[in-house]
Amino acid sequence: MALVEEAWATRFPPPGQGGGFRALRDTGTAGRTGTIIGGSVSSAPRQPLELFAIDGLLSEEERAMRDVVRDFVERRIKPEVADWFEAGTIPARELACEFGELGVLGMHLEGYGCAGTNAVSYGLAAMELEAGDSGIRSLVSVQGSLAMYAIHAFGSEEHKEEWLPGMAKGELIGCFGLTEADFGSNPSGMRTAAKRDGDDWVLDGSKMWITNGTVADVAIVWAQTDDGIRGFVVPTDTPGFSAREIHKKLSLRASVTAELVFDGVRLPNSAMLPGVRGLKGPLACLNEARFGIAYGTLGAARDCLETALSYAIDREQFDKPIAGYQMTQQKFADMTLELGKGMLLAIHLGRLKDAHAITPEQVSLGKLNNARESLAIARECRSILGGNGITLEYPVIRHMNNLESVFTYEGTNEMHTLIIGQALTGIPAFR
Ligand SMILES: Cc1cc2nc3c(=O)[nH]c(=O)nc-3n(C[C@H](O)[C@H](O)[C@H](O)COP(=O)(O)OP(=O)(O)OC[C@H]3O[C@@H](n4cnc5c(N)ncnc54)[C@H](O)[C@@H]3O)c2cc1C
C-alpha cells in the first residue's frame with residue numbers, strides 16, 4: 001500500500017464514519033490556536049504560516065499526509081532538483097515510480113489503485129511537491145489531475161481498468177493534449193481532428209506545450225469530430241504518433257515539455273472517451289488541475305519566503321542583519337500576509353470541493369490569486385537575496401522562473417480574470 005494511502009486508510013474513516021469535518025472536531029484540532037495567541041510575542045523567528053496558525057485548520061490526517069510528502073520532497077527532490085533544472089532534464093520514469101509508491105498519483109481519485117483522499121490532502125500534497133519544484137508538481141498534476149482524471153471521469157470501464165492501476169503506480173505515464181500552437185487561451189479553435197474511417201478513427205494534427213509528452217505511455221488528446229470536440233485515449237506507441245521535446249526553456253526546466261504530432265494515427269472506435277462531448281470535457285480536467293495549482297504555487301512561495309527570511313537574518317550589511325531594517329521587514333510582513341491569505345483561500349476552496357460545492361469561478365479565484373501572488377513573492381524574495389538571488393545555489397530564482405510558466409498555463413491571469421468578470425457581470429468579454 002502506498003505511503004499516502006496507508007496514512008489515509010489507517011487514520012481516516014470512510015465518509016459517514018467520522019471523516020471530514022467530524023474527524024476535525026473529534027481530534028480536537030478544529031479552531032486550535034497557535035501558542036502565540038493571547039501571549040506575548042516571542043522574539044524567536046517564526047515561519048510565515050505559523051503566524052496564521054494554519055495547522056489548526058487541518059485534520060490530523062491531513063497534516064500526517066502533508067508531512068509524508070514534505071519528508072519525501074526534502075529527502076529526494078530538494079537535494080537534486082537544482083541540478084535537474086540546470087541540466088534541463090529529469091529522471092521522469094524513476095520519479096514516477098517513486099511518486100507511485102508514495103501514493104500521490106491520482107491520490108484524490110477513488111478505486112483502481114488510487115488512494116482516494118480528500119481534496120484538501122491532494123492540495124497539500126501539491127503544495128509540498130511545488131515547494132520542491134513546480135516542474136515536479138507538474139509531472140504529478142498532469143498525471144493525476146489531467147490524464148488520470150480524464151479517464152476516471154469520462155472513460156469506459158475498459159479504459160479505467162487498462163490504464164489507471166498502472167498510472168497510479170507510476171509504471172505508466174500520461175500526458176494531456178489540449179493546447180495547439182495557434183490555439184492556447186482559445187482551445188475551441190483547435191485544428192486537430194479525428195475522422196471516421198470504417199469502424200476506426202484517424203487522428204491528424206498536433207499539440208504544443210505538452211507536459212510529460214516525450215515520456216508518456218498514453219496521451220489524452222482532444223480533437224474536433226463531426227460530433228464536436230471529443231477526447232481520445234491514445235497509446236503513444238500507435239503508428240503515426242510522435243513527440244518532440246521543447247528545449248531552450250528558461251522555466252520549468254525540471255519538467256518535460258513537448259510537441260505532439262499525429263500523422264494518420266489510426267485508433268479503434270473504443271479509443272474515444274464515451275463520457276463527455278464538447279469543451280466541457282477538457283475544462284473539467286483543467287478545473288481539477290487548477291485547484292491543485294491554487295495550493296501548489298503557495299509551496300513555491302513558502303520556500304522562497306523561508307529561504308529569504310533565513311538569508312536576511314544571517315546576511316549583514318552596515319553591521320547589522322538586513323532583516324533588521326524596517327524596509328526589509330515590511331517586505332516580509334506583506335509577503336506573509338499574501339501567503340497566509342492565499343492559504344486560507346486554498347483551504348476554503350478545498351473544503352468547498354470536499355463538500356462537492358465548488359464552482360469553476362471559485363477555482364479561478366484560487367488559481368489567479370495564488371499564482372499571481374506567489375510569483376510576486378518569488379520576485380521580491382529574489383531581490384532580498386541580492387546577487388546570491390540569481391544563482392541556483394538558492395531555490396528562489398528557480399521558483400521565480402517556474403512560476404512564470406504556472407502563471408501562464410492552466411488558464412492565464414487574463415483568462416481567469418475574464419471568468420471572474422463574467423461571473424460578476426453576466427457578460428462574457430472573451431471576444
Ligand atoms: C511549461 C508549459 C507546460 C504546459 N503544459 C501543457 C499541457 O500539458 N497540456 C496542454 O494542453 N497545454 C499545456 N500548456 C499550454 C498552456 O496551457 C498555454 O500556454 C496557455 O493556455 C496559454 O496559451 P498560449 O501560450 O497559446 O498563449 P495565448 O493564448 O496566445 O495568450 C498570450 C497572451 O494573450 C492573452 N490573451 C489571449 N486572449 C485574450 C483575451 N481574450 N483577452 C485578454 N487577453 C488575452 C493571454 O492572457 C496571454 O497573456 C503548457 C504551457 C507551458 C508554458
# chains A, B, ... in the order shown; residues from 1 in each chain; ligands from 1
$ residues_around --residues "stretch 351-359 of chain A" --least-positions-apart "5" --cutoff "8 Å" --atoms "only C-alpha atoms" --output "CSV table (one decimal) with C-alpha atoms, in the first residue's frame"
chain,number,residue,atom,x,y,z
A,118,ASN,CA,-10.0,14.2,0.2
A,119,ALA,CA,-9.3,17.4,-1.9
A,120,VAL,CA,-7.6,19.3,0.9
$ select_by_dssp --residues "stretch 77-109 of chain A" --states "helix (DSSP H, G or I)" --output "VMD selection string"
chain A and resid 77 to 87 92 to 102
$ residues_around --residues "A:Arg253" --least-positions-apart "2" --cutoff "7 Å" --atoms "only C-alpha atoms" --output "PDB file with N, CA and C atoms, in the first residue's frame"
ATOM      1  N   PHE A  85      17.303  21.021 -12.931  1.00  0.00           N
ATOM      2  CA  PHE A  85      16.884  22.273 -13.565  1.00  0.00           C
ATOM      3  C   PHE A  85      17.998  22.797 -14.466  1.00  0.00           C
ATOM      4  N   GLY A  88      18.294  20.704 -17.433  1.00  0.00           N
ATOM      5  CA  GLY A  88      17.072  20.715 -18.255  1.00  0.00           C
ATOM      6  C   GLY A  88      16.527  19.318 -18.493  1.00  0.00           C
ATOM      7  N   THR A  89      16.686  18.459 -17.497  1.00  0.00           N
ATOM      8  CA  THR A  89      16.195  17.078 -17.661  1.00  0.00           C
ATOM      9  C   THR A  89      15.860  16.493 -16.283  1.00  0.00           C
ATOM     10  N   GLY A 135       8.038  22.115 -11.622  1.00  0.00           N
ATOM     11  CA  GLY A 135       8.118  21.098 -12.676  1.00  0.00           C
ATOM     12  C   GLY A 135       7.791  19.716 -12.126  1.00  0.00           C
ATOM     13  N   LYS A 249      14.088  26.179 -22.830  1.00  0.00           N
ATOM     14  CA  LYS A 249      13.172  26.793 -21.868  1.00  0.00           C
ATOM     15  C   LYS A 249      14.003  27.422 -20.750  1.00  0.00           C
ATOM     16  N   LEU A 250      13.533  28.532 -20.200  1.00  0.00           N
ATOM     17  CA  LEU A 250      14.172  29.110 -19.018  1.00  0.00           C
ATOM     18  C   LEU A 250      13.259  28.974 -17.800  1.00  0.00           C
ATOM     19  N   SER A 251      12.244  28.164 -17.939  1.00  0.00           N
ATOM     20  CA  SER A 251      11.250  27.969 -16.880  1.00  0.00           C
ATOM     21  C   SER A 251      10.820  26.508 -16.949  1.00  0.00           C
ATOM     22  N   SER A 255      11.199  19.604 -15.972  1.00  0.00           N
ATOM     23  CA  SER A 255       9.921  19.065 -16.448  1.00  0.00           C
ATOM     24  C   SER A 255      10.058  18.832 -17.936  1.00  0.00           C
TER      25      SER A 255
END
$ residues_around --residues "stretch 218-224 of chain A" --least-positions-apart "4" --cutoff "8 Å" --atoms "only C-alpha atoms" --output "PyMOL selection string"
chain A and resi 147+150+172-178+190-194+203+213+228-236+282
$ write_last_selection --atoms "N, CA and C atoms" --output "PDB file, in the first residue's frame"
ATOM      1  N   ALA A 147      -4.535  13.574 -16.968  1.00  0.00           N
ATOM      2  CA  ALA A 147      -4.656  12.302 -17.706  1.00  0.00           C
ATOM      3  C   ALA A 147      -5.524  11.281 -16.948  1.00  0.00           C
ATOM      4  N   ALA A 150      -9.194  12.428 -16.528  1.00  0.00           N
ATOM      5  CA  ALA A 150      -9.990  12.328 -17.765  1.00  0.00           C
ATOM      6  C   ALA A 150     -10.496  10.895 -17.946  1.00  0.00           C
ATOM      7  N   LEU A 172       3.106   3.580 -15.634  1.00  0.00           N
ATOM      8  CA  LEU A 172       2.678   4.178 -16.903  1.00  0.00           C
ATOM      9  C   LEU A 172       2.524   5.680 -16.696  1.00  0.00           C
ATOM     10  N   ILE A 173       3.001   6.441 -17.683  1.00  0.00           N
ATOM     11  CA  ILE A 173       2.924   7.910 -17.573  1.00  0.00           C
ATOM     12  C   ILE A 173       1.918   8.426 -18.595  1.00  0.00           C
ATOM     13  N   GLY A 174       1.165   9.452 -18.187  1.00  0.00           N
ATOM     14  CA  GLY A 174       0.176  10.042 -19.077  1.00  0.00           C
ATOM     15  C   GLY A 174       0.480  11.497 -19.391  1.00  0.00           C
ATOM     16  N   CYS A 175      -0.032  11.967 -20.523  1.00  0.00           N
ATOM     17  CA  CYS A 175       0.014  13.403 -20.826  1.00  0.00           C
ATOM     18  C   CYS A 175      -1.359  13.823 -21.329  1.00  0.00           C
ATOM     19  N   PHE A 176      -1.536  15.125 -21.517  1.00  0.00           N
ATOM     20  CA  PHE A 176      -2.851  15.694 -21.800  1.00  0.00           C
ATOM     21  C   PHE A 176      -2.692  16.722 -22.898  1.00  0.00           C
ATOM     22  N   GLY A 177      -3.227  16.437 -24.079  1.00  0.00           N
ATOM     23  CA  GLY A 177      -3.018  17.314 -25.230  1.00  0.00           C
ATOM     24  C   GLY A 177      -4.248  18.135 -25.567  1.00  0.00           C
ATOM     25  N   LEU A 178      -4.240  19.377 -25.143  1.00  0.00           N
ATOM     26  CA  LEU A 178      -5.327  20.299 -25.496  1.00  0.00           C
ATOM     27  C   LEU A 178      -4.786  21.460 -26.338  1.00  0.00           C
ATOM     28  N   MET A 190      -9.286  24.630 -31.961  1.00  0.00           N
ATOM     29  CA  MET A 190      -8.293  23.585 -32.291  1.00  0.00           C
ATOM     30  C   MET A 190      -8.520  22.994 -33.682  1.00  0.00           C
ATOM     31  N   ARG A 191      -7.379  22.624 -34.327  1.00  0.00           N
ATOM     32  CA  ARG A 191      -7.480  22.068 -35.685  1.00  0.00           C
ATOM     33  C   ARG A 191      -7.274  20.555 -35.706  1.00  0.00           C
ATOM     34  N   THR A 192      -6.678  20.008 -34.656  1.00  0.00           N
ATOM     35  CA  THR A 192      -6.512  18.554 -34.602  1.00  0.00           C
ATOM     36  C   THR A 192      -7.887  17.906 -34.766  1.00  0.00           C
ATOM     37  N   ALA A 193      -7.951  16.930 -35.677  1.00  0.00           N
ATOM     38  CA  ALA A 193      -9.267  16.364 -35.994  1.00  0.00           C
ATOM     39  C   ALA A 193      -9.199  14.840 -36.030  1.00  0.00           C
ATOM     40  N   ALA A 194     -10.280  14.204 -35.609  1.00  0.00           N
ATOM     41  CA  ALA A 194     -10.417  12.749 -35.724  1.00  0.00           C
ATOM     42  C   ALA A 194     -11.555  12.474 -36.693  1.00  0.00           C
ATOM     43  N   LEU A 203      -6.618  10.108 -36.628  1.00  0.00           N
ATOM     44  CA  LEU A 203      -6.300  11.371 -35.950  1.00  0.00           C
ATOM     45  C   LEU A 203      -5.167  12.074 -36.681  1.00  0.00           C
ATOM     46  N   GLY A 213       5.132  14.972 -22.452  1.00  0.00           N
ATOM     47  CA  GLY A 213       4.861  14.482 -23.806  1.00  0.00           C
ATOM     48  C   GLY A 213       5.793  13.389 -24.310  1.00  0.00           C
ATOM     49  N   GLY A 228     -18.505  17.338 -32.643  1.00  0.00           N
ATOM     50  CA  GLY A 228     -17.902  18.316 -31.716  1.00  0.00           C
ATOM     51  C   GLY A 228     -16.574  17.806 -31.167  1.00  0.00           C
ATOM     52  N   ILE A 229     -16.059  18.514 -30.150  1.00  0.00           N
ATOM     53  CA  ILE A 229     -14.759  18.128 -29.569  1.00  0.00           C
ATOM     54  C   ILE A 229     -14.932  16.861 -28.739  1.00  0.00           C
ATOM     55  N   ARG A 230     -14.062  15.868 -28.987  1.00  0.00           N
ATOM     56  CA  ARG A 230     -14.095  14.618 -28.205  1.00  0.00           C
ATOM     57  C   ARG A 230     -12.688  14.291 -27.724  1.00  0.00           C
ATOM     58  N   GLY A 231     -12.631  13.507 -26.650  1.00  0.00           N
ATOM     59  CA  GLY A 231     -11.337  13.088 -26.109  1.00  0.00           C
ATOM     60  C   GLY A 231     -11.008  11.673 -26.570  1.00  0.00           C
ATOM     61  N   PHE A 232      -9.713  11.418 -26.815  1.00  0.00           N
ATOM     62  CA  PHE A 232      -9.252  10.100 -27.256  1.00  0.00           C
ATOM     63  C   PHE A 232      -8.113   9.622 -26.364  1.00  0.00           C
ATOM     64  N   VAL A 233      -8.155   8.328 -26.080  1.00  0.00           N
ATOM     65  CA  VAL A 233      -7.082   7.703 -25.299  1.00  0.00           C
ATOM     66  C   VAL A 233      -6.113   7.106 -26.315  1.00  0.00           C
ATOM     67  N   VAL A 234      -4.931   7.695 -26.418  1.00  0.00           N
ATOM     68  CA  VAL A 234      -4.012   7.330 -27.492  1.00  0.00           C
ATOM     69  C   VAL A 234      -2.731   6.728 -26.922  1.00  0.00           C
ATOM     70  N   PRO A 235      -2.535   5.409 -27.065  1.00  0.00           N
ATOM     71  CA  PRO A 235      -1.243   4.839 -26.646  1.00  0.00           C
ATOM     72  C   PRO A 235      -0.148   5.459 -27.514  1.00  0.00           C
ATOM     73  N   THR A 236       0.955   5.877 -26.899  1.00  0.00           N
ATOM     74  CA  THR A 236       1.947   6.659 -27.655  1.00  0.00           C
ATOM     75  C   THR A 236       2.793   5.796 -28.587  1.00  0.00           C
ATOM     76  N   PRO A 282     -12.420  18.783 -21.532  1.00  0.00           N
ATOM     77  CA  PRO A 282     -11.101  19.256 -21.103  1.00  0.00           C
ATOM     78  C   PRO A 282     -11.184  20.306 -20.008  1.00  0.00           C
TER      79      PRO A 282
END
$ residues_near_ligand --ligand "ligand 1" --cutoff "9 Å" --atoms "only C-alpha atoms and all ligand atoms" --output "VMD selection string"
chain A and resid 135 138 to 139 142 146 175 to 187 207 to 213 221 to 222 249 251 to 253 255 to 258 282 402 404 to 418 429 to 431
$ closest_residue --among "A:Ile384, A:Ile151, A:Leu105, A:Leu344" --to "A:Leu57" --atoms "only C-alpha atoms"
A:Leu344
$ residues_around --residues "A:Gly132" --least-positions-apart "6" --cutoff "9 Å" --atoms "only C-alpha atoms" --output "PyMOL selection string"
chain A and resi 70+73-74+77-78+81+299-300+303+395+399
$ write_last_selection --atoms "C-alpha atoms" --output "short mmCIF file (atom, residue, chain, number, x, y, z; two decimals), in the first residue's frame"
data_model
loop_
_atom_site.label_atom_id
_atom_site.label_comp_id
_atom_site.auth_asym_id
_atom_site.auth_seq_id
_atom_site.Cartn_x
_atom_site.Cartn_y
_atom_site.Cartn_z
CA ARG A 70 7.13 17.05 2.71
CA VAL A 73 10.49 16.27 -1.06
CA GLU A 74 13.16 17.15 1.49
CA ILE A 77 13.73 16.29 -4.57
CA LYS A 78 15.42 19.25 -2.89
CA VAL A 81 16.40 19.47 -8.29
CA GLY A 299 4.52 25.82 -1.79
CA ALA A 300 6.97 27.57 -4.12
CA ASP A 303 10.02 28.01 0.06
CA PRO A 395 15.93 27.87 -4.81
CA HIS A 399 10.89 29.02 -8.28
#
$ residues_around --residues "A:Tyr295" --least-positions-apart "2" --cutoff "10 Å" --atoms "only C-alpha atoms" --output "list of chain:residue names"
A:Val120, A:Tyr122, A:Gly123, A:Leu124, A:Ala125, A:Ala126, A:Met127, A:Glu128, A:Glu130, A:Arg290, A:Phe291, A:Gly292, A:Ile293, A:Thr297, A:Leu298, A:Gly299, A:Ala300, A:Gly342, A:Met343, A:Leu345, A:Ala346, A:Ile347, A:Leu349, A:Gly350, A:Gly366, A:Lys367, A:Asn370, A:Ala371
